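Text of model_23.pdb (PDB, C-alpha atoms, pLDDT in the B column) as supplied:
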```pdb
ATOM      1  CA  GLU A   1     114.502 109.241  77.087  1.00 83.00           C
ATOM      2  CA  ALA A   2     112.138 109.993  79.966  1.00 84.00           C
ATOM      3  CA  GLN A   3     114.186 110.423  83.100  1.00 92.00           C
ATOM      4  CA  VAL A   4     114.923 112.170  86.338  1.00 96.00           C
ATOM      5  CA  THR A   5     118.483 113.384  86.704  1.00 96.00           C
ATOM      6  CA  GLN A   6     120.328 114.402  89.829  1.00 97.00           C
ATOM      7  CA  ASN A   7     123.681 116.080  90.313  1.00 97.00           C
ATOM      8  CA  PRO A   8     126.068 115.470  91.813  1.00 97.00           C
ATOM      9  CA  ARG A   9     125.887 111.718  92.292  1.00 95.00           C
ATOM     10  CA  TYR A  10     128.437 111.770  95.077  1.00 96.00           C
ATOM     11  CA  LEU A  11     129.440 114.633  97.340  1.00 97.00           C
ATOM     12  CA  ILE A  12     131.712 114.898 100.344  1.00 97.00           C
ATOM     13  CA  THR A  13     131.579 118.197 102.156  1.00 96.00           C
ATOM     14  CA  VAL A  14     132.214 119.757 105.539  1.00 96.00           C
ATOM     15  CA  THR A  15     129.855 120.995 108.205  1.00 97.00           C
ATOM     16  CA  GLY A  16     128.362 124.383 107.456  1.00 96.00           C
ATOM     17  CA  LYS A  17     129.293 124.653 103.793  1.00 97.00           C
ATOM     18  CA  LYS A  18     126.160 125.396 101.793  1.00 97.00           C
ATOM     19  CA  LEU A  19     125.375 122.986  98.998  1.00 97.00           C
ATOM     20  CA  THR A  20     122.712 122.381  96.381  1.00 98.00           C
ATOM     21  CA  VAL A  21     121.669 119.092  94.845  1.00 98.00           C
ATOM     22  CA  THR A  22     119.949 119.592  91.531  1.00 98.00           C
ATOM     23  CA  CYS A  23     117.041 117.555  90.226  1.00 98.00           C
ATOM     24  CA  SER A  24     115.520 117.780  86.772  1.00 98.00           C
ATOM     25  CA  GLN A  25     112.801 115.802  84.987  1.00 97.00           C
ATOM     26  CA  ASN A  26     111.896 115.838  81.308  1.00 95.00           C
ATOM     27  CA  MET A  27     108.416 114.301  81.564  1.00 93.00           C
ATOM     28  CA  ASN A  28     106.440 117.494  82.258  1.00 92.00           C
ATOM     29  CA  HIS A  29     105.445 116.086  85.627  1.00 92.00           C
ATOM     30  CA  GLU A  30     103.598 118.336  88.034  1.00 91.00           C
ATOM     31  CA  TYR A  31     104.602 116.593  91.247  1.00 91.00           C
ATOM     32  CA  MET A  32     108.183 116.359  92.504  1.00 93.00           C
ATOM     33  CA  SER A  33     109.567 115.174  95.783  1.00 93.00           C
ATOM     34  CA  TRP A  34     112.797 114.668  97.710  1.00 96.00           C
ATOM     35  CA  TYR A  35     113.497 111.639  99.875  1.00 95.00           C
ATOM     36  CA  ARG A  36     116.363 110.545 102.002  1.00 96.00           C
ATOM     37  CA  GLN A  37     117.191 106.891 102.493  1.00 94.00           C
ATOM     38  CA  ASP A  38     118.877 105.716 105.677  1.00 94.00           C
ATOM     39  CA  PRO A  39     119.556 102.166 106.899  1.00 89.00           C
ATOM     40  CA  GLY A  40     116.781 100.916 109.127  1.00 87.00           C
ATOM     41  CA  LEU A  41     114.642 103.974 108.439  1.00 90.00           C
ATOM     42  CA  GLY A  42     113.731 103.385 104.829  1.00 88.00           C
ATOM     43  CA  LEU A  43     112.644 106.256 102.609  1.00 91.00           C
ATOM     44  CA  ARG A  44     111.495 109.465 104.252  1.00 93.00           C
ATOM     45  CA  GLN A  45     110.078 112.425 102.414  1.00 92.00           C
ATOM     46  CA  ILE A  46     111.848 115.740 102.905  1.00 96.00           C
ATOM     47  CA  TYR A  47     109.863 118.185 100.747  1.00 95.00           C
ATOM     48  CA  TYR A  48     107.427 117.966  97.907  1.00 92.00           C
ATOM     49  CA  SER A  49     106.029 120.250  95.240  1.00 92.00           C
ATOM     50  CA  MET A  50     102.585 120.030  93.656  1.00 89.00           C
ATOM     51  CA  ASN A  51     103.514 122.430  90.850  1.00 89.00           C
ATOM     52  CA  VAL A  52     105.562 125.512  90.038  1.00 93.00           C
ATOM     53  CA  GLU A  53     105.937 127.814  93.049  1.00 92.00           C
ATOM     54  CA  VAL A  54     104.044 125.332  95.265  1.00 90.00           C
ATOM     55  CA  THR A  55     106.192 123.516  97.812  1.00 93.00           C
ATOM     56  CA  ASP A  56     105.519 122.003 101.197  1.00 91.00           C
ATOM     57  CA  LYS A  57     107.213 120.095 103.957  1.00 93.00           C
ATOM     58  CA  GLY A  58     107.357 116.344 104.094  1.00 91.00           C
ATOM     59  CA  ASP A  59     108.195 114.268 107.123  1.00 90.00           C
ATOM     60  CA  VAL A  60     111.778 115.417 107.741  1.00 96.00           C
ATOM     61  CA  PRO A  61     112.195 118.979 106.397  1.00 97.00           C
ATOM     62  CA  GLU A  62     114.490 120.400 109.096  1.00 97.00           C
ATOM     63  CA  GLY A  63     117.777 121.630 107.682  1.00 97.00           C
ATOM     64  CA  TYR A  64     116.609 121.609 104.069  1.00 98.00           C
ATOM     65  CA  LYS A  65     115.139 124.081 101.606  1.00 98.00           C
ATOM     66  CA  VAL A  66     113.702 123.640  98.151  1.00 98.00           C
ATOM     67  CA  SER A  67     112.458 125.804  95.319  1.00 96.00           C
ATOM     68  CA  ARG A  68     110.315 125.190  92.240  1.00 97.00           C
ATOM     69  CA  LYS A  69     110.771 128.102  89.877  1.00 97.00           C
ATOM     70  CA  GLU A  70     110.399 125.934  86.785  1.00 96.00           C
ATOM     71  CA  LYS A  71     108.343 122.820  86.285  1.00 95.00           C
ATOM     72  CA  ARG A  72     111.282 120.621  85.387  1.00 97.00           C
ATOM     73  CA  ASN A  73     113.670 121.592  88.226  1.00 98.00           C
ATOM     74  CA  PHE A  74     113.446 120.992  91.947  1.00 98.00           C
ATOM     75  CA  PRO A  75     116.753 121.680  93.698  1.00 98.00           C
ATOM     76  CA  LEU A  76     117.437 120.629  97.284  1.00 98.00           C
ATOM     77  CA  ILE A  77     119.410 123.148  99.309  1.00 98.00           C
ATOM     78  CA  LEU A  78     121.312 122.500 102.505  1.00 97.00           C
ATOM     79  CA  GLU A  79     122.152 125.929 103.900  1.00 96.00           C
ATOM     80  CA  SER A  80     124.374 124.634 106.697  1.00 97.00           C
ATOM     81  CA  PRO A  81     124.906 120.893 106.373  1.00 97.00           C
ATOM     82  CA  SER A  82     125.530 118.807 109.469  1.00 97.00           C
ATOM     83  CA  PRO A  83     126.824 115.232 109.836  1.00 97.00           C
ATOM     84  CA  ASN A  84     123.307 113.925 110.534  1.00 97.00           C
ATOM     85  CA  GLN A  85     122.420 114.873 106.976  1.00 98.00           C
ATOM     86  CA  THR A  86     124.826 112.281 105.661  1.00 98.00           C
ATOM     87  CA  SER A  87     122.505 110.103 103.627  1.00 97.00           C
ATOM     88  CA  LEU A  88     121.412 108.892 100.210  1.00 96.00           C
ATOM     89  CA  TYR A  89     119.047 111.356  98.580  1.00 97.00           C
ATOM     90  CA  PHE A  90     116.511 110.667  95.861  1.00 96.00           C
ATOM     91  CA  CYS A  91     114.438 112.999  93.771  1.00 96.00           C
ATOM     92  CA  ALA A  92     111.183 111.688  92.326  1.00 94.00           C
ATOM     93  CA  SER A  93     108.443 112.968  90.057  1.00 93.00           C
ATOM     94  CA  SER A  94     104.982 111.902  88.982  1.00 90.00           C
ATOM     95  CA  LEU A  95     102.394 113.122  86.535  1.00 85.00           C
ATOM     96  CA  GLY A  96      99.244 113.832  88.430  1.00 70.00           C
ATOM     97  CA  ALA A  97      96.826 112.028  90.672  1.00 51.00           C
ATOM     98  CA  GLY A  98      97.801 110.252  93.850  1.00 58.00           C
ATOM     99  CA  GLN A  99      98.034 106.803  92.381  1.00 57.00           C
ATOM    100  CA  ASP A 100     100.472 107.770  89.694  1.00 72.00           C
ATOM    101  CA  THR A 101     103.783 106.038  89.430  1.00 86.00           C
ATOM    102  CA  GLN A 102     106.729 107.930  90.840  1.00 89.00           C
ATOM    103  CA  TYR A 103     109.915 108.062  88.794  1.00 92.00           C
ATOM    104  CA  PHE A 104     113.143 108.280  90.724  1.00 94.00           C
ATOM    105  CA  GLY A 105     116.494 109.817  90.001  1.00 95.00           C
ATOM    106  CA  PRO A 106     119.697 107.783  90.422  1.00 94.00           C
ATOM    107  CA  GLY A 107     120.417 109.157  93.875  1.00 95.00           C
ATOM    108  CA  THR A 108     122.987 111.453  95.458  1.00 97.00           C
ATOM    109  CA  ARG A 109     125.210 110.048  98.163  1.00 96.00           C
ATOM    110  CA  LEU A 110     126.099 112.897 100.510  1.00 98.00           C
ATOM    111  CA  THR A 111     128.712 112.730 103.247  1.00 98.00           C
ATOM    112  CA  VAL A 112     129.027 115.643 105.664  1.00 97.00           C
ATOM    113  CA  LEU A 113     132.225 115.604 107.723  1.00 96.00           C
TER     114      LEU A 113
ATOM    115  CA  ALA B   1      98.066 104.558 111.914  1.00 76.00           C
ATOM    116  CA  GLN B   2      98.829 103.746 108.327  1.00 82.00           C
ATOM    117  CA  SER B   3     101.786 101.504 107.774  1.00 89.00           C
ATOM    118  CA  VAL B   4     103.553  99.052 105.523  1.00 94.00           C
ATOM    119  CA  ALA B   5     105.472  96.053 106.800  1.00 96.00           C
ATOM    120  CA  GLN B   6     107.962  93.889 104.991  1.00 97.00           C
ATOM    121  CA  PRO B   7     108.515  91.129 107.536  1.00 96.00           C
ATOM    122  CA  GLU B   8     111.669  89.723 105.978  1.00 96.00           C
ATOM    123  CA  ASP B   9     114.877  91.733 105.827  1.00 95.00           C
ATOM    124  CA  GLN B  10     116.366  89.217 103.440  1.00 97.00           C
ATOM    125  CA  VAL B  11     115.106  86.480 101.178  1.00 97.00           C
ATOM    126  CA  ASN B  12     117.391  83.886  99.634  1.00 97.00           C
ATOM    127  CA  VAL B  13     116.298  81.729  96.737  1.00 97.00           C
ATOM    128  CA  ALA B  14     118.015  79.499  94.222  1.00 97.00           C
ATOM    129  CA  GLU B  15     117.982  80.482  90.574  1.00 97.00           C
ATOM    130  CA  GLY B  16     115.052  78.917  88.777  1.00 97.00           C
ATOM    131  CA  ASN B  17     112.959  78.580  91.918  1.00 97.00           C
ATOM    132  CA  PRO B  18     109.867  80.659  92.584  1.00 97.00           C
ATOM    133  CA  LEU B  19     110.289  83.676  94.800  1.00 97.00           C
ATOM    134  CA  THR B  20     107.976  85.576  97.125  1.00 97.00           C
ATOM    135  CA  VAL B  21     108.659  88.865  98.850  1.00 98.00           C
ATOM    136  CA  LYS B  22     106.057  89.643 101.463  1.00 98.00           C
ATOM    137  CA  CYS B  23     104.248  92.888 102.203  1.00 98.00           C
ATOM    138  CA  THR B  24     101.363  93.705 104.515  1.00 97.00           C
ATOM    139  CA  TYR B  25      99.695  97.055 104.931  1.00 95.00           C
ATOM    140  CA  SER B  26      97.322  99.053 107.059  1.00 92.00           C
ATOM    141  CA  VAL B  27      95.469 102.019 105.550  1.00 86.00           C
ATOM    142  CA  SER B  28      92.364 104.018 106.243  1.00 80.00           C
ATOM    143  CA  GLY B  29      90.888 103.792 102.752  1.00 78.00           C
ATOM    144  CA  ASN B  30      91.107 101.738  99.614  1.00 81.00           C
ATOM    145  CA  PRO B  31      94.766 100.860  99.229  1.00 87.00           C
ATOM    146  CA  TYR B  32      96.899 102.024  96.336  1.00 89.00           C
ATOM    147  CA  LEU B  33      99.841  99.633  96.529  1.00 93.00           C
ATOM    148  CA  PHE B  34     103.188  99.686  94.781  1.00 94.00           C
ATOM    149  CA  TRP B  35     106.328  97.625  94.409  1.00 97.00           C
ATOM    150  CA  TYR B  36     109.655  99.189  93.530  1.00 96.00           C
ATOM    151  CA  VAL B  37     113.078  97.647  93.023  1.00 97.00           C
ATOM    152  CA  GLN B  38     116.452  99.181  93.764  1.00 94.00           C
ATOM    153  CA  TYR B  39     119.521  97.735  92.111  1.00 92.00           C
ATOM    154  CA  PRO B  40     122.935  98.542  93.600  1.00 86.00           C
ATOM    155  CA  ASN B  41     123.942 102.171  93.040  1.00 81.00           C
ATOM    156  CA  ARG B  42     120.708 102.897  91.224  1.00 84.00           C
ATOM    157  CA  GLY B  43     117.489 104.738  91.942  1.00 87.00           C
ATOM    158  CA  LEU B  44     114.215 103.007  92.634  1.00 92.00           C
ATOM    159  CA  GLN B  45     112.415 101.580  89.644  1.00 94.00           C
ATOM    160  CA  PHE B  46     108.690 100.980  89.454  1.00 93.00           C
ATOM    161  CA  LEU B  47     107.671  97.327  89.142  1.00 96.00           C
ATOM    162  CA  LEU B  48     103.912  97.268  89.459  1.00 95.00           C
ATOM    163  CA  LYS B  49     100.926  98.745  91.230  1.00 93.00           C
ATOM    164  CA  TYR B  50      97.454  97.836  92.389  1.00 93.00           C
ATOM    165  CA  ILE B  51      94.749 100.471  92.248  1.00 88.00           C
ATOM    166  CA  THR B  52      91.589  98.507  91.587  1.00 85.00           C
ATOM    167  CA  GLY B  53      90.360  95.544  89.581  1.00 87.00           C
ATOM    168  CA  ASP B  54      91.992  92.157  89.209  1.00 90.00           C
ATOM    169  CA  ASN B  55      93.730  91.043  92.381  1.00 92.00           C
ATOM    170  CA  LEU B  56      96.644  89.622  90.406  1.00 96.00           C
ATOM    171  CA  VAL B  57      98.766  92.400  89.003  1.00 96.00           C
ATOM    172  CA  LYS B  58     101.467  91.780  86.423  1.00 96.00           C
ATOM    173  CA  GLY B  59     104.472  94.036  86.188  1.00 94.00           C
ATOM    174  CA  SER B  60     107.934  94.460  84.770  1.00 92.00           C
ATOM    175  CA  TYR B  61     110.614  91.758  84.450  1.00 92.00           C
ATOM    176  CA  GLY B  62     108.122  88.914  84.929  1.00 95.00           C
ATOM    177  CA  PHE B  63     107.064  89.980  88.416  1.00 97.00           C
ATOM    178  CA  GLU B  64     103.514  89.844  89.657  1.00 97.00           C
ATOM    179  CA  ALA B  65     101.788  90.614  92.918  1.00 97.00           C
ATOM    180  CA  GLU B  66      98.611  89.399  94.505  1.00 96.00           C
ATOM    181  CA  PHE B  67      96.358  91.765  96.385  1.00 95.00           C
ATOM    182  CA  ASN B  68      94.561  90.057  99.264  1.00 95.00           C
ATOM    183  CA  LYS B  69      92.133  92.378 100.984  1.00 92.00           C
ATOM    184  CA  SER B  70      91.177  90.005 103.806  1.00 93.00           C
ATOM    185  CA  GLN B  71      94.804  89.437 104.733  1.00 94.00           C
ATOM    186  CA  THR B  72      95.816  93.030 103.908  1.00 94.00           C
ATOM    187  CA  SER B  73      98.738  91.705 101.919  1.00 96.00           C
ATOM    188  CA  PHE B  74     100.370  92.474  98.606  1.00 97.00           C
ATOM    189  CA  HIS B  75     103.079  89.858  98.124  1.00 98.00           C
ATOM    190  CA  LEU B  76     105.462  90.091  95.201  1.00 98.00           C
ATOM    191  CA  LYS B  77     106.070  86.913  93.245  1.00 98.00           C
ATOM    192  CA  LYS B  78     107.989  85.520  90.329  1.00 97.00           C
ATOM    193  CA  PRO B  79     107.689  81.954  89.032  1.00 97.00           C
ATOM    194  CA  SER B  80     111.375  81.493  88.249  1.00 97.00           C
ATOM    195  CA  ALA B  81     114.049  83.654  89.848  1.00 97.00           C
ATOM    196  CA  LEU B  82     117.089  84.967  88.002  1.00 97.00           C
ATOM    197  CA  VAL B  83     120.433  85.942  89.494  1.00 96.00           C
ATOM    198  CA  SER B  84     119.832  89.389  87.997  1.00 95.00           C
ATOM    199  CA  ASP B  85     116.736  89.750  90.215  1.00 96.00           C
ATOM    200  CA  SER B  86     119.034  90.178  93.217  1.00 96.00           C
ATOM    201  CA  ALA B  87     118.206  93.640  94.549  1.00 96.00           C
ATOM    202  CA  LEU B  88     116.394  95.547  97.257  1.00 95.00           C
ATOM    203  CA  TYR B  89     112.598  95.501  96.972  1.00 97.00           C
ATOM    204  CA  PHE B  90     110.276  98.070  98.469  1.00 96.00           C
ATOM    205  CA  CYS B  91     106.556  97.888  99.043  1.00 97.00           C
ATOM    206  CA  ALA B  92     104.652 101.170  99.395  1.00 94.00           C
ATOM    207  CA  VAL B  93     101.112 102.387  99.893  1.00 90.00           C
ATOM    208  CA  ARG B  94      99.546 105.770  99.300  1.00 84.00           C
ATOM    209  CA  ASP B  95      99.276 107.837 102.460  1.00 78.00           C
ATOM    210  CA  TYR B  96      95.619 108.836 102.805  1.00 70.00           C
ATOM    211  CA  ASN B  97      96.445 111.271 105.569  1.00 70.00           C
ATOM    212  CA  ALA B  98      98.693 113.290 103.262  1.00 68.00           C
ATOM    213  CA  GLY B  99      95.938 115.240 101.508  1.00 70.00           C
ATOM    214  CA  ASN B 100      97.120 116.433  98.121  1.00 67.00           C
ATOM    215  CA  ASN B 101     100.638 115.254  98.839  1.00 67.00           C
ATOM    216  CA  ARG B 102     101.175 112.155  96.735  1.00 68.00           C
ATOM    217  CA  LYS B 103     103.308 110.724  99.461  1.00 78.00           C
ATOM    218  CA  LEU B 104     103.782 107.032  99.762  1.00 85.00           C
ATOM    219  CA  ILE B 105     104.375 105.145 102.984  1.00 88.00           C
ATOM    220  CA  TRP B 106     107.309 102.858 102.403  1.00 91.00           C
ATOM    221  CA  GLY B 107     108.292  99.539 103.815  1.00 94.00           C
ATOM    222  CA  LEU B 108     111.888  99.173 104.979  1.00 94.00           C
ATOM    223  CA  GLY B 109     112.818  96.962 102.080  1.00 95.00           C
ATOM    224  CA  THR B 110     113.647  93.306 101.550  1.00 96.00           C
ATOM    225  CA  SER B 111     116.988  92.290 100.151  1.00 96.00           C
ATOM    226  CA  LEU B 112     116.556  89.483  97.637  1.00 97.00           C
ATOM    227  CA  ALA B 113     119.533  87.276  96.906  1.00 97.00           C
ATOM    228  CA  VAL B 114     119.208  84.775  94.082  1.00 97.00           C
ATOM    229  CA  ASN B 115     121.943  82.186  94.199  1.00 95.00           C
ATOM    230  CA  PRO B 116     123.263  80.511  91.021  1.00 93.00           C
TER     231      PRO B 116
END
```

Would you put the structure from the file into structure tokens?
Amino acid sequence: EAQVTQNPRYLITVTGKKLTVTCSQNMNHEYMSWYRQDPGLGLRQIYYSMNVEVTDKGDVPEGYKVSRKEKRNFPLILESPSPNQTSLYFCASSLGAGQDTQYFGPGTRLTVL
Amino acid sequence: AQSVAQPEDQVNVAEGNPLTVKCTYSVSGNPYLFWYVQYPNRGLQFLLKYITGDNLVKGSYGFEAEFNKSQTSFHLKKPSALVSDSALYFCAVRDYNAGNNRKLIWGLGTSLAVNP
């Protein structure tokens, strides 16, 4: 089944404790992206990747890192999480050109205390 | 500035009645428009898209959307609503200022409640 998977689905952590949210897609998509979803702010892009070893900042990259060592994986790293990073996070992927459909993972609900 | 607006935070409709979820946009080029749906505790799912061609686009689950260039709108419609259609609906448009980034500009979402 074609899908985007994220782990963990739920995470409660404390300020400053490094964490990684994994994202994997099995559709051989070139493009992958991370979003955060907050009430009243909608979906905002954190980072994106055009292909392996090619990543760039989205609209709200501060406090986050990503890597793209393999085509299928695009982990989101919070080196020192803070309470303002409490949010719902989505990973997405798409095949190619700009009009392509984006496929979303199930989401990771992160709470930073 | 490019933008997407969903003027209604919530839409309520009775089961069996037609539904419309509104979306208007402002972009600098030809619009690539999308509708996504988010069910509780789930990720966003693609419903339909308009790239070019027929202004009436048909999508998943019986949904359709009408592209209206003069009104810069892309309203989502369904002839007969189901209780299971209750969800959060997002309209999005490709960001032409994003270069190679396939970023979409998202509306804030409209919560659809279909009452039995």

Report as JSON lines: every residue of chain A with an atom at most 8 Å from chain B, its closest pair of atoms, and their distance in Å to one decimal, counting only C-alpha atoms, with rows sorted by chain and ascending residue number.
```
{"residue": "A:Tyr31", "atom": "CA", "partner": "B:Arg102", "partner_atom": "CA", "distance": 7.8}
{"residue": "A:Gly40", "atom": "CA", "partner": "B:Leu108", "partner_atom": "CA", "distance": 6.6}
{"residue": "A:Leu41", "atom": "CA", "partner": "B:Leu108", "partner_atom": "CA", "distance": 6.5}
{"residue": "A:Gly42", "atom": "CA", "partner": "B:Leu108", "partner_atom": "CA", "distance": 4.6}
{"residue": "A:Leu43", "atom": "CA", "partner": "B:Trp106", "partner_atom": "CA", "distance": 6.3}
{"residue": "A:Gln45", "atom": "CA", "partner": "B:Lys103", "partner_atom": "CA", "distance": 7.6}
{"residue": "A:Tyr48", "atom": "CA", "partner": "B:Asn101", "partner_atom": "CA", "distance": 7.4}
{"residue": "A:Met50", "atom": "CA", "partner": "B:Asn101", "partner_atom": "CA", "distance": 7.3}
{"residue": "A:Phe90", "atom": "CA", "partner": "B:Gly43", "partner_atom": "CA", "distance": 7.2}
{"residue": "A:Ala97", "atom": "CA", "partner": "B:Arg102", "partner_atom": "CA", "distance": 7.5}
{"residue": "A:Gly98", "atom": "CA", "partner": "B:Arg102", "partner_atom": "CA", "distance": 4.8}
{"residue": "A:Gln99", "atom": "CA", "partner": "B:Tyr32", "partner_atom": "CA", "distance": 6.3}
{"residue": "A:Thr101", "atom": "CA", "partner": "B:Phe46", "partner_atom": "CA", "distance": 7.0}
{"residue": "A:Gln102", "atom": "CA", "partner": "B:Phe46", "partner_atom": "CA", "distance": 7.4}
{"residue": "A:Tyr103", "atom": "CA", "partner": "B:Gln45", "partner_atom": "CA", "distance": 7.0}
{"residue": "A:Phe104", "atom": "CA", "partner": "B:Leu44", "partner_atom": "CA", "distance": 5.7}
{"residue": "A:Gly105", "atom": "CA", "partner": "B:Gly43", "partner_atom": "CA", "distance": 5.5}
{"residue": "A:Pro106", "atom": "CA", "partner": "B:Gly43", "partner_atom": "CA", "distance": 4.1}
{"residue": "A:Gly107", "atom": "CA", "partner": "B:Gly43", "partner_atom": "CA", "distance": 5.6}
```

request  = Given the file shown, determine the residues that the PyMOL selection byres ((chain A and resi 60-64) around 12) selects; report them as JSON, numbers by chain.
outcome  = {"A": [16, 18, 19, 20, 21, 33, 34, 35, 36, 37, 41, 43, 44, 45, 46, 47, 48, 55, 56, 57, 58, 59, 65, 66, 67, 75, 76, 77, 78, 79, 80, 81, 82, 83, 84, 85, 86, 89]}

key: Result set of the PyMOL selection byres ((chain B and resi 14) around 10) on the coordinates above, as a ChimeraX atom specification   = /B:12-13,15-19,80-83,113-116

key: Residues near A:Arg9, cut-off 8 Å, only C-alpha atoms, skip fewer than 2 positions along chain, as a ChimeraX atom specification   = /A:6-7,11,106-109

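Interatomic distance, atom CA of B:Cys23 against atom CA of B:Val4: 7.0 Å.
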
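Comparing the minimum interatomic distances between B:Asn30 and each of B:Leu88, B:Thr52, B:Ala1, B:Gln71, counting all atoms listed in the file, we find that B:Thr52 sits nearest.
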
Enclose all atoms of stretch 60-77 of chain B listed in the file in an axis-aligned box, grow every side by 5 Å, and hand back centre and edge lengths in Å to one decimal, as AutoDock Vina command-line options.
```
--center_x 100.9 --center_y 90.7 --center_z 94.6 --size_x 29.4 --size_y 17.5 --size_z 30.3
```

Selection: 7 Å around B:Ser3, all atoms listed in the file, excl. self and same-chain fewer than 3 positions, as a ChimeraX atom specification = /B:25-27,105

key: Nearest residue to B:Thr72 from the set B:Gly53, B:Glu8, B:Gly29, B:Lys58 (distances using only C-alpha atoms)   = B:Gly29

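Between B:Tyr61 and the residues B:Pro40, B:Ala92, B:Lys77, B:Thr110, the shortest atom-to-atom distance, using all atoms listed in the file, involves B:Lys77.
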
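Going from atom CA of A:Asn73 to atom CA of B:Gly59 covers 29.1 Å.
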
ask   = Any chance you could work out the residue set of the PyMOL selection byres ((chain B and resi 20-22) around 9) here, as an MDAnalysis selection string?
value = chainID B and resid 5:8 10:11 18:19 23:24 73:79 89 91 110 112

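Contact shell of A:Gln25 at 8 Å (all atoms listed in the file; same-chain neighbours under 5 positions omitted): Ala2, Gln3, Val4, Thr5, Arg72, Asn73 and Ser93 of chain A.
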
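The two atoms in question, atom CA of A:Asn51 and atom CA of A:Asp100, are spaced 15.0 Å apart.
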
Place N, CA, C and O atoms on stretch 49-62 of chain A and deliver the coordinates as a compact mmCIF listing (two decimals), keeping the file's coordinate frame.
```
# COMPACT_ATOMS: atom_id res chain seq x y z
N SER A 49 106.56 119.12 95.99
CA SER A 49 106.03 120.25 95.24
C SER A 49 104.89 119.77 94.34
O SER A 49 105.08 118.84 93.55
N MET A 50 103.74 120.41 94.47
CA MET A 50 102.58 120.03 93.66
C MET A 50 102.68 120.65 92.25
O MET A 50 102.10 120.12 91.31
N ASN A 51 103.37 121.77 92.14
CA ASN A 51 103.51 122.43 90.85
C ASN A 51 104.46 123.61 91.02
O ASN A 51 105.00 123.84 92.11
N VAL A 52 104.65 124.36 89.98
CA VAL A 52 105.56 125.51 90.04
C VAL A 52 105.14 126.45 91.16
O VAL A 52 103.97 126.77 91.31
N GLU A 53 106.12 126.86 91.94
CA GLU A 53 105.94 127.81 93.05
C GLU A 53 105.08 127.26 94.18
O GLU A 53 104.67 128.01 95.06
N VAL A 54 104.81 125.96 94.19
CA VAL A 54 104.04 125.33 95.26
C VAL A 54 104.89 124.25 95.89
O VAL A 54 105.11 123.19 95.29
N THR A 55 105.38 124.51 97.10
CA THR A 55 106.19 123.52 97.81
C THR A 55 105.67 123.37 99.23
O THR A 55 105.04 124.28 99.78
N ASP A 56 105.96 122.22 99.83
CA ASP A 56 105.52 122.00 101.20
C ASP A 56 106.41 120.97 101.85
O ASP A 56 107.13 120.21 101.19
N LYS A 57 106.37 120.98 103.18
CA LYS A 57 107.21 120.10 103.96
C LYS A 57 106.71 118.66 103.92
O LYS A 57 105.50 118.41 103.93
N GLY A 58 107.67 117.74 103.93
CA GLY A 58 107.36 116.34 104.09
C GLY A 58 107.52 115.95 105.55
O GLY A 58 107.22 116.73 106.46
N ASP A 59 108.07 114.78 105.76
CA ASP A 59 108.20 114.27 107.12
C ASP A 59 109.44 114.76 107.85
O ASP A 59 109.45 114.87 109.07
N VAL A 60 110.51 115.05 107.10
CA VAL A 60 111.78 115.42 107.74
C VAL A 60 112.39 116.65 107.07
O VAL A 60 113.48 116.60 106.51
N PRO A 61 111.73 117.81 107.14
CA PRO A 61 112.20 118.98 106.40
C PRO A 61 113.30 119.78 107.07
O PRO A 61 113.92 120.65 106.43
N GLU A 62 113.57 119.53 108.36
CA GLU A 62 114.49 120.40 109.10
C GLU A 62 115.88 120.35 108.48
O GLU A 62 116.44 119.28 108.26
```
